[in-house]
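*Asks:* Enclosed is the structure file coords_33.cif (mmCIF, C-alpha atoms).
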```
data_query
loop_
_atom_site.group_PDB
_atom_site.id
_atom_site.type_symbol
_atom_site.label_atom_id
_atom_site.label_comp_id
_atom_site.auth_asym_id
_atom_site.auth_seq_id
_atom_site.Cartn_x
_atom_site.Cartn_y
_atom_site.Cartn_z
ATOM 1 C CA MET O 539 0.000 0.000 0.000
ATOM 2 C CA SER O 540 1.327 3.412 -0.874
ATOM 3 C CA LEU O 541 1.949 5.953 1.836
ATOM 4 C CA ARG O 542 -0.640 8.282 0.316
ATOM 5 C CA LEU O 543 -3.341 5.586 0.375
ATOM 6 C CA PHE O 544 -2.433 4.770 3.971
ATOM 7 C CA PHE O 545 -3.050 8.358 5.046
ATOM 8 C CA GLU O 546 -6.191 8.756 2.925
ATOM 9 C CA GLY O 547 -7.556 5.650 4.665
ATOM 10 C CA ARG O 548 -6.698 6.972 8.112
ATOM 11 C CA TYR O 549 -8.437 10.292 7.390
ATOM 12 C CA LEU O 550 -11.430 8.484 5.875
ATOM 13 C CA LEU O 551 -11.810 6.316 8.997
ATOM 14 C CA GLY O 552 -11.120 9.214 11.343
ATOM 15 C CA HIS O 553 -8.186 7.363 12.907
ATOM 16 C CA THR O 554 -5.745 10.282 13.106
ATOM 17 C CA PRO O 555 -4.165 10.399 16.561
ATOM 18 C CA TRP O 556 -1.657 12.988 15.309
ATOM 19 C CA ASP O 557 -4.479 15.448 14.633
ATOM 20 C CA THR O 558 -4.717 16.906 18.141
ATOM 21 C CA GLY O 559 -6.332 20.202 17.177
ATOM 22 C CA ILE O 560 -3.690 22.051 19.208
ATOM 23 C CA THR O 561 -0.633 23.907 17.945
ATOM 24 C CA PRO O 562 2.359 22.653 19.965
ATOM 25 C CA PRO O 563 3.720 24.996 22.636
ATOM 26 C CA GLU O 564 7.195 24.633 21.070
ATOM 27 C CA VAL O 565 5.860 26.306 17.925
ATOM 28 C CA MET O 566 4.032 29.009 19.870
ATOM 29 C CA ALA O 567 7.172 29.800 21.886
ATOM 30 C CA PHE O 568 9.260 30.088 18.717
ATOM 31 C CA LEU O 569 6.752 32.438 17.066
ATOM 32 C CA GLU O 570 6.352 34.655 20.118
ATOM 33 C CA GLY O 571 7.715 38.096 19.413
ATOM 34 C CA ARG O 572 8.516 37.341 15.764
ATOM 35 C CA PRO O 573 6.865 39.545 13.166
ATOM 36 C CA PRO O 574 4.552 37.650 10.827
ATOM 37 C CA GLY O 575 5.674 36.953 7.289
ATOM 38 C CA ARG O 576 5.257 34.112 4.818
ATOM 39 C CA ALA O 577 4.906 30.646 6.367
ATOM 40 C CA LEU O 578 4.961 27.115 4.976
ATOM 41 C CA ASP O 579 3.178 24.340 6.899
ATOM 42 C CA VAL O 580 4.480 20.995 5.626
ATOM 43 C CA GLY O 581 2.177 18.019 6.162
ATOM 44 C CA CYS O 582 -0.579 20.345 7.332
ATOM 45 C CA GLY O 583 -3.221 17.644 7.785
ATOM 46 C CA THR O 584 -6.550 19.236 8.693
ATOM 47 C CA GLY O 585 -5.009 22.690 9.033
ATOM 48 C CA THR O 586 -4.725 23.245 12.783
ATOM 49 C CA ASN O 587 -1.272 24.844 12.651
ATOM 50 C CA ALA O 588 -1.979 26.713 9.408
ATOM 51 C CA LEU O 589 -5.019 28.304 11.066
ATOM 52 C CA THR O 590 -2.941 29.286 14.094
ATOM 53 C CA LEU O 591 -0.355 30.922 11.851
ATOM 54 C CA ALA O 592 -3.058 32.788 9.919
ATOM 55 C CA ARG O 593 -4.626 34.031 13.171
ATOM 56 C CA LEU O 594 -1.206 35.377 14.152
ATOM 57 C CA GLY O 595 -1.033 37.374 10.921
ATOM 58 C CA TRP O 596 1.116 35.068 8.794
ATOM 59 C CA SER O 597 0.492 34.578 5.079
ATOM 60 C CA VAL O 598 0.268 30.773 4.988
ATOM 61 C CA THR O 599 0.814 28.126 2.360
ATOM 62 C CA ALA O 600 -0.031 24.689 3.724
ATOM 63 C CA VAL O 601 0.733 21.439 1.916
ATOM 64 C CA ASP O 602 -0.305 17.837 2.385
ATOM 65 C CA PHE O 603 -0.695 14.910 0.036
ATOM 66 C CA SER O 604 -3.978 13.736 1.536
ATOM 67 C CA SER O 605 -6.935 15.084 -0.410
ATOM 68 C CA LEU O 606 -9.266 14.264 2.476
ATOM 69 C CA ALA O 607 -7.145 16.131 5.015
ATOM 70 C CA LEU O 608 -7.000 19.149 2.723
ATOM 71 C CA TRP O 609 -10.763 19.055 2.204
ATOM 72 C CA VAL O 610 -11.265 19.241 5.991
ATOM 73 C CA ALA O 611 -8.592 21.939 6.300
ATOM 74 C CA ARG O 612 -10.285 24.112 3.663
ATOM 75 C CA ARG O 613 -13.644 23.761 5.427
ATOM 76 C CA LYS O 614 -12.077 24.770 8.759
ATOM 77 C CA ALA O 615 -10.398 27.792 7.146
ATOM 78 C CA ARG O 616 -13.666 28.928 5.524
ATOM 79 C CA ALA O 617 -15.480 28.591 8.851
ATOM 80 C CA ALA O 618 -12.762 30.706 10.507
ATOM 81 C CA THR O 619 -12.790 33.185 7.599
ATOM 82 C CA ALA O 620 -9.056 32.644 7.202
ATOM 83 C CA TRP O 621 -7.414 32.709 3.776
ATOM 84 C CA ILE O 622 -4.813 29.964 3.536
ATOM 85 C CA ASP O 623 -3.256 28.649 0.330
ATOM 86 C CA PHE O 624 -3.833 24.900 0.776
ATOM 87 C CA ARG O 625 -2.083 22.745 -1.819
ATOM 88 C CA ARG O 626 -1.794 19.055 -2.479
ATOM 89 C CA ALA O 627 1.935 18.387 -2.732
ATOM 90 C CA ASP O 628 4.507 15.712 -2.077
ATOM 91 C CA ALA O 629 6.924 16.907 0.613
ATOM 92 C CA SER O 630 9.758 14.931 -0.933
ATOM 93 C CA ARG O 631 9.671 17.287 -3.939
ATOM 94 C CA PHE O 632 7.602 20.381 -3.048
ATOM 95 C CA ASP O 633 6.469 20.605 -6.682
ATOM 96 C CA GLY O 634 4.854 23.889 -7.608
ATOM 97 C CA LEU O 635 6.161 25.826 -4.622
ATOM 98 C CA VAL O 636 8.415 28.742 -5.455
ATOM 99 C CA ARG O 637 7.446 31.486 -3.041
ATOM 100 C CA PRO O 638 10.202 32.376 -0.621
ATOM 101 C CA PHE O 639 9.096 31.712 2.955
ATOM 102 C CA ASP O 640 10.221 33.304 6.218
ATOM 103 C CA PHE O 641 9.230 30.314 8.338
ATOM 104 C CA ALA O 642 8.520 26.629 7.776
ATOM 105 C CA MET O 643 7.162 24.037 10.130
ATOM 106 C CA ASP O 644 6.661 20.306 9.950
ATOM 107 C CA ILE O 645 4.899 18.605 12.820
ATOM 108 C CA GLY O 646 5.055 14.929 11.925
ATOM 109 C CA CYS O 647 5.464 14.668 8.144
ATOM 110 C CA PHE O 648 9.203 14.158 7.607
ATOM 111 C CA HIS O 649 9.486 10.927 9.619
ATOM 112 C CA SER O 650 6.760 9.320 7.480
ATOM 113 C CA LEU O 651 8.777 9.675 4.286
ATOM 114 C CA PRO O 652 11.010 6.874 2.988
ATOM 115 C CA PRO O 653 14.774 7.623 3.059
ATOM 116 C CA ALA O 654 14.858 8.857 -0.564
ATOM 117 C CA GLY O 655 11.902 11.127 0.173
ATOM 118 C CA ARG O 656 13.612 12.532 3.263
ATOM 119 C CA SER O 657 16.690 13.312 1.184
ATOM 120 C CA GLY O 658 14.600 15.080 -1.463
ATOM 121 C CA TYR O 659 12.771 17.065 1.228
ATOM 122 C CA ALA O 660 16.015 18.197 2.876
ATOM 123 C CA SER O 661 17.564 19.269 -0.428
ATOM 124 C CA ARG O 662 14.488 21.123 -1.747
ATOM 125 C CA LEU O 663 13.243 22.892 1.410
ATOM 126 C CA PRO O 664 16.199 25.312 1.705
ATOM 127 C CA GLU O 665 15.451 26.616 -1.812
ATOM 128 C CA LEU O 666 12.032 27.733 -0.545
ATOM 129 C CA LEU O 667 13.279 29.663 2.501
ATOM 130 C CA VAL O 668 14.910 33.065 2.726
ATOM 131 C CA PRO O 669 18.237 33.325 4.578
ATOM 132 C CA GLY O 670 17.537 33.612 8.283
ATOM 133 C CA ALA O 671 14.165 31.838 8.005
ATOM 134 C CA GLY O 672 13.150 29.691 10.948
ATOM 135 C CA PHE O 673 12.338 25.997 10.566
ATOM 136 C CA ILE O 674 10.753 23.765 13.203
ATOM 137 C CA LEU O 675 10.606 20.009 12.718
ATOM 138 C CA PHE O 676 8.875 17.539 15.040
ATOM 139 C CA CYS O 677 9.903 14.013 14.271
ATOM 140 C CA PHE O 678 9.713 10.531 15.713
ATOM 141 C CA LEU O 679 13.173 9.020 15.986
ATOM 142 C CA ALA O 680 14.440 5.578 15.105
ATOM 143 C CA HIS O 681 14.576 2.932 17.790
ATOM 144 C CA PRO O 682 14.854 -0.885 17.580
ATOM 145 C CA ASP O 683 11.094 -1.606 17.528
ATOM 146 C CA SER O 684 10.053 1.286 15.290
ATOM 147 C CA ARG O 685 9.156 1.774 11.700
ATOM 148 C CA PRO O 686 12.135 2.923 9.646
ATOM 149 C CA TRP O 687 12.051 6.401 11.131
ATOM 150 C CA PRO O 688 15.108 8.624 10.826
ATOM 151 C CA SER O 689 17.773 8.829 13.482
ATOM 152 C CA ARG O 690 18.794 12.099 15.056
ATOM 153 C CA THR O 691 22.137 11.785 13.264
ATOM 154 C CA GLU O 692 20.449 11.322 9.885
ATOM 155 C CA ILE O 693 18.243 14.373 10.448
ATOM 156 C CA GLU O 694 21.142 16.564 11.527
ATOM 157 C CA GLU O 695 23.306 15.409 8.588
ATOM 158 C CA LEU O 696 20.528 16.073 6.071
ATOM 159 C CA PHE O 697 19.674 19.562 7.305
ATOM 160 C CA SER O 698 22.984 20.934 8.651
ATOM 161 C CA PRO O 699 24.409 22.021 5.280
ATOM 162 C CA ALA O 700 21.583 24.549 4.832
ATOM 163 C CA PHE O 701 20.450 25.154 8.411
ATOM 164 C CA ARG O 702 22.130 26.343 11.593
ATOM 165 C CA PRO O 703 20.805 24.482 14.636
ATOM 166 C CA LEU O 704 19.208 26.663 17.280
ATOM 167 C CA HIS O 705 17.737 24.069 19.618
ATOM 168 C CA VAL O 706 16.983 20.359 19.866
ATOM 169 C CA ASP O 707 14.528 19.044 22.426
ATOM 170 C CA VAL O 708 14.663 15.236 22.595
ATOM 171 C CA GLY O 709 11.939 13.418 24.477
ATOM 172 C CA GLU O 710 9.051 11.024 24.051
ATOM 173 C CA TYR O 711 5.622 11.349 22.529
ATOM 174 C CA SER O 712 3.090 8.563 23.082
ATOM 175 C CA GLY O 713 5.921 6.442 24.464
ATOM 176 C CA LEU O 714 8.067 6.828 21.340
ATOM 177 C CA PRO O 715 11.378 8.684 21.072
ATOM 178 C CA SER O 716 10.913 12.014 19.360
ATOM 179 C CA ALA O 717 12.483 15.429 19.003
ATOM 180 C CA TYR O 718 11.740 19.028 18.147
ATOM 181 C CA PHE O 719 14.475 20.524 15.992
ATOM 182 C CA THR O 720 14.643 24.298 15.586
ATOM 183 C CA TRP O 721 16.861 25.706 12.868
ATOM 184 C CA GLU O 722 17.677 28.905 11.052
ATOM 185 C CA ARG O 723 18.305 28.954 7.306
ATOM 186 C CA ARG O 724 21.954 29.733 6.644
ATOM 187 C CA SER O 725 22.831 32.673 4.360
#
```
Could you express the structure from this file as structure tokens?

*Replies:*
Amino acid sequence: MSLRLFFEGRYLLGHTPWDTGITPPEVMAFLEGRPPGRALDVGCGTGTNALTLARLGWSVTAVDFSSLALWVARRKARAATAWIDFRRADASRFDGLVRPFDFAMDIGCFHSLPPAGRSGYASRLPELLVPGAGFILFCFLAHPDSRPWPSRTEIEELFSPAFRPLHVDVGEYSGLPSAYFTWERRS
């Protein structure tokens, strides 16, 4: 089964434990005091974080490859009278995205990609961000009983050529090793 069909099925059945409806405090803390600009929400799901960004004054482009998730996200944005540019896109390529962004966030998309997809994501994302742009990534980390999630080392090696690390917060989420990575786009 393809990854896209897997997620479409989960959204169809309503089995989406990652869709908490709450923007993580790590994201809110990072945005505090920063002037709004252009934001990219990668793997936006049903739009929770995109809506938060829009409410804070950001001009938001939000991408996901699940048509069902985007359908729900668009309905939520209309109900909130928020204009968000929702697009169906593959995060391993970011096809069709050219706008330079001041901030990008990914709360749970990157770790779902296969290794080749993660490599494509890490090489393409920097092209979309202005120098000095912030980037927050929440990711499950590899452990012996896990899916083939990325290791912390893999993540840091993929992103360090284009991003300067600001902070890494390693912990657990739902009993699984995870981390929040906060970076700044190098000049």

*Asks:* Quick one: contact table of region 608-667 of chain O to region 559-569 of chain O, 12 Å max, nearest atom pair and distance in Å to one decimal per residue, counting only C-alpha atoms, chain and number order, as JSON lines?

*Replies:*
```
{"residue": "O:Ala611", "atom": "CA", "partner": "O:Gly559", "partner_atom": "CA", "distance": 11.2}
{"residue": "O:Lys614", "atom": "CA", "partner": "O:Gly559", "partner_atom": "CA", "distance": 11.2}
{"residue": "O:Asp640", "atom": "CA", "partner": "O:Leu569", "partner_atom": "CA", "distance": 11.4}
{"residue": "O:Phe641", "atom": "CA", "partner": "O:Leu569", "partner_atom": "CA", "distance": 9.3}
{"residue": "O:Ala642", "atom": "CA", "partner": "O:Val565", "partner_atom": "CA", "distance": 10.5}
{"residue": "O:Met643", "atom": "CA", "partner": "O:Val565", "partner_atom": "CA", "distance": 8.2}
{"residue": "O:Asp644", "atom": "CA", "partner": "O:Val565", "partner_atom": "CA", "distance": 10.0}
{"residue": "O:Ile645", "atom": "CA", "partner": "O:Pro562", "partner_atom": "CA", "distance": 8.6}
{"residue": "O:Gly646", "atom": "CA", "partner": "O:Pro562", "partner_atom": "CA", "distance": 11.5}
```

*Asks:* Can you measure CA of Glu694 (chain O) to CA of Trp721 (chain O) for me? One decimal in Å is fine.

*Replies:*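 Answer for the CA of Glu694 (chain O) to CA of Trp721 (chain O) separation: 10.2 Å.
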
*Asks:* Please write the residues picked by the PyMOL selection byres ((chain O and resi 688) around 8) on this file as a list in words.

*Replies:*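 Applied to this file, the PyMOL selection byres ((chain O and resi 688) around 8) selects His649, Pro653, Phe678, Leu679, Ala680, Pro686, Trp687, Ser689, Arg690, Glu692 and Ile693 of chain O.
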
*Asks:* Next, dump the selected residues to file, keeping only C-alpha atoms, as a PDB file, keeping the file's coordinate frame.

*Replies:*
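Output contents, as saved in selection_21.pdb:
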```pdb
ATOM      1  CA  HIS O 649       9.486  10.927   9.619  1.00  0.00           C
ATOM      2  CA  PRO O 653      14.774   7.623   3.059  1.00  0.00           C
ATOM      3  CA  PHE O 678       9.713  10.531  15.713  1.00  0.00           C
ATOM      4  CA  LEU O 679      13.173   9.020  15.986  1.00  0.00           C
ATOM      5  CA  ALA O 680      14.440   5.578  15.105  1.00  0.00           C
ATOM      6  CA  PRO O 686      12.135   2.923   9.646  1.00  0.00           C
ATOM      7  CA  TRP O 687      12.051   6.401  11.131  1.00  0.00           C
ATOM      8  CA  SER O 689      17.773   8.829  13.482  1.00  0.00           C
ATOM      9  CA  ARG O 690      18.794  12.099  15.056  1.00  0.00           C
ATOM     10  CA  GLU O 692      20.449  11.322   9.885  1.00  0.00           C
ATOM     11  CA  ILE O 693      18.243  14.373  10.448  1.00  0.00           C
TER      12      ILE O 693
END
```

*Asks:* Going by the chain IDs and residue numbers used in this file, which residues fall under the PyMOL selection byres ((chain O and resi 616-619) around 12)? Write them as an mmCIF file with C-alpha atoms, keeping the file's coordinate frame.

*Replies:*
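Wrote out.cif, looks like this:
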```
data_model
loop_
_atom_site.group_PDB
_atom_site.id
_atom_site.type_symbol
_atom_site.label_atom_id
_atom_site.label_comp_id
_atom_site.auth_asym_id
_atom_site.auth_seq_id
_atom_site.Cartn_x
_atom_site.Cartn_y
_atom_site.Cartn_z
ATOM 1 C CA GLY O 585 -5.009 22.690 9.033
ATOM 2 C CA THR O 586 -4.725 23.245 12.783
ATOM 3 C CA ALA O 588 -1.979 26.713 9.408
ATOM 4 C CA LEU O 589 -5.019 28.304 11.066
ATOM 5 C CA THR O 590 -2.941 29.286 14.094
ATOM 6 C CA ALA O 592 -3.058 32.788 9.919
ATOM 7 C CA ARG O 593 -4.626 34.031 13.171
ATOM 8 C CA TRP O 609 -10.763 19.055 2.204
ATOM 9 C CA VAL O 610 -11.265 19.241 5.991
ATOM 10 C CA ALA O 611 -8.592 21.939 6.300
ATOM 11 C CA ARG O 612 -10.285 24.112 3.663
ATOM 12 C CA ARG O 613 -13.644 23.761 5.427
ATOM 13 C CA LYS O 614 -12.077 24.770 8.759
ATOM 14 C CA ALA O 615 -10.398 27.792 7.146
ATOM 15 C CA ALA O 620 -9.056 32.644 7.202
ATOM 16 C CA TRP O 621 -7.414 32.709 3.776
ATOM 17 C CA ILE O 622 -4.813 29.964 3.536
ATOM 18 C CA ASP O 623 -3.256 28.649 0.330
ATOM 19 C CA PHE O 624 -3.833 24.900 0.776
#
```

*Asks:* Quick check on the file I pasted: which residues fall under the PyMOL selection byres ((chain O and resi 581) around 10)? Write them as a VMD selection string.

*Replies:* chain O and resid 578 to 580 582 to 585 600 to 604 607 to 608 626 to 629 643 to 648 650

*Asks:* Rounded to one decimal in Å, what is the spacing between CA of Phe719 (chain O) and CA of Pro703 (chain O)?

*Replies:*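 Those two atoms sit 7.6 Å apart.
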
*Asks:* Can you measure CA of Val706 (chain O) to CA of Ala577 (chain O) for me? One decimal in Å is fine.

*Replies:*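 So the answer is 20.8 Å.
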
*Asks:* In terms of the shortest atom-to-atom distance over all atoms listed in the file, which of O:Glu570, O:Arg631, O:Phe697, O:Gly709 is closest to Gly655 (chain O)?

*Replies:*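 So, comparing all the options, the nearest one is O:Arg631.
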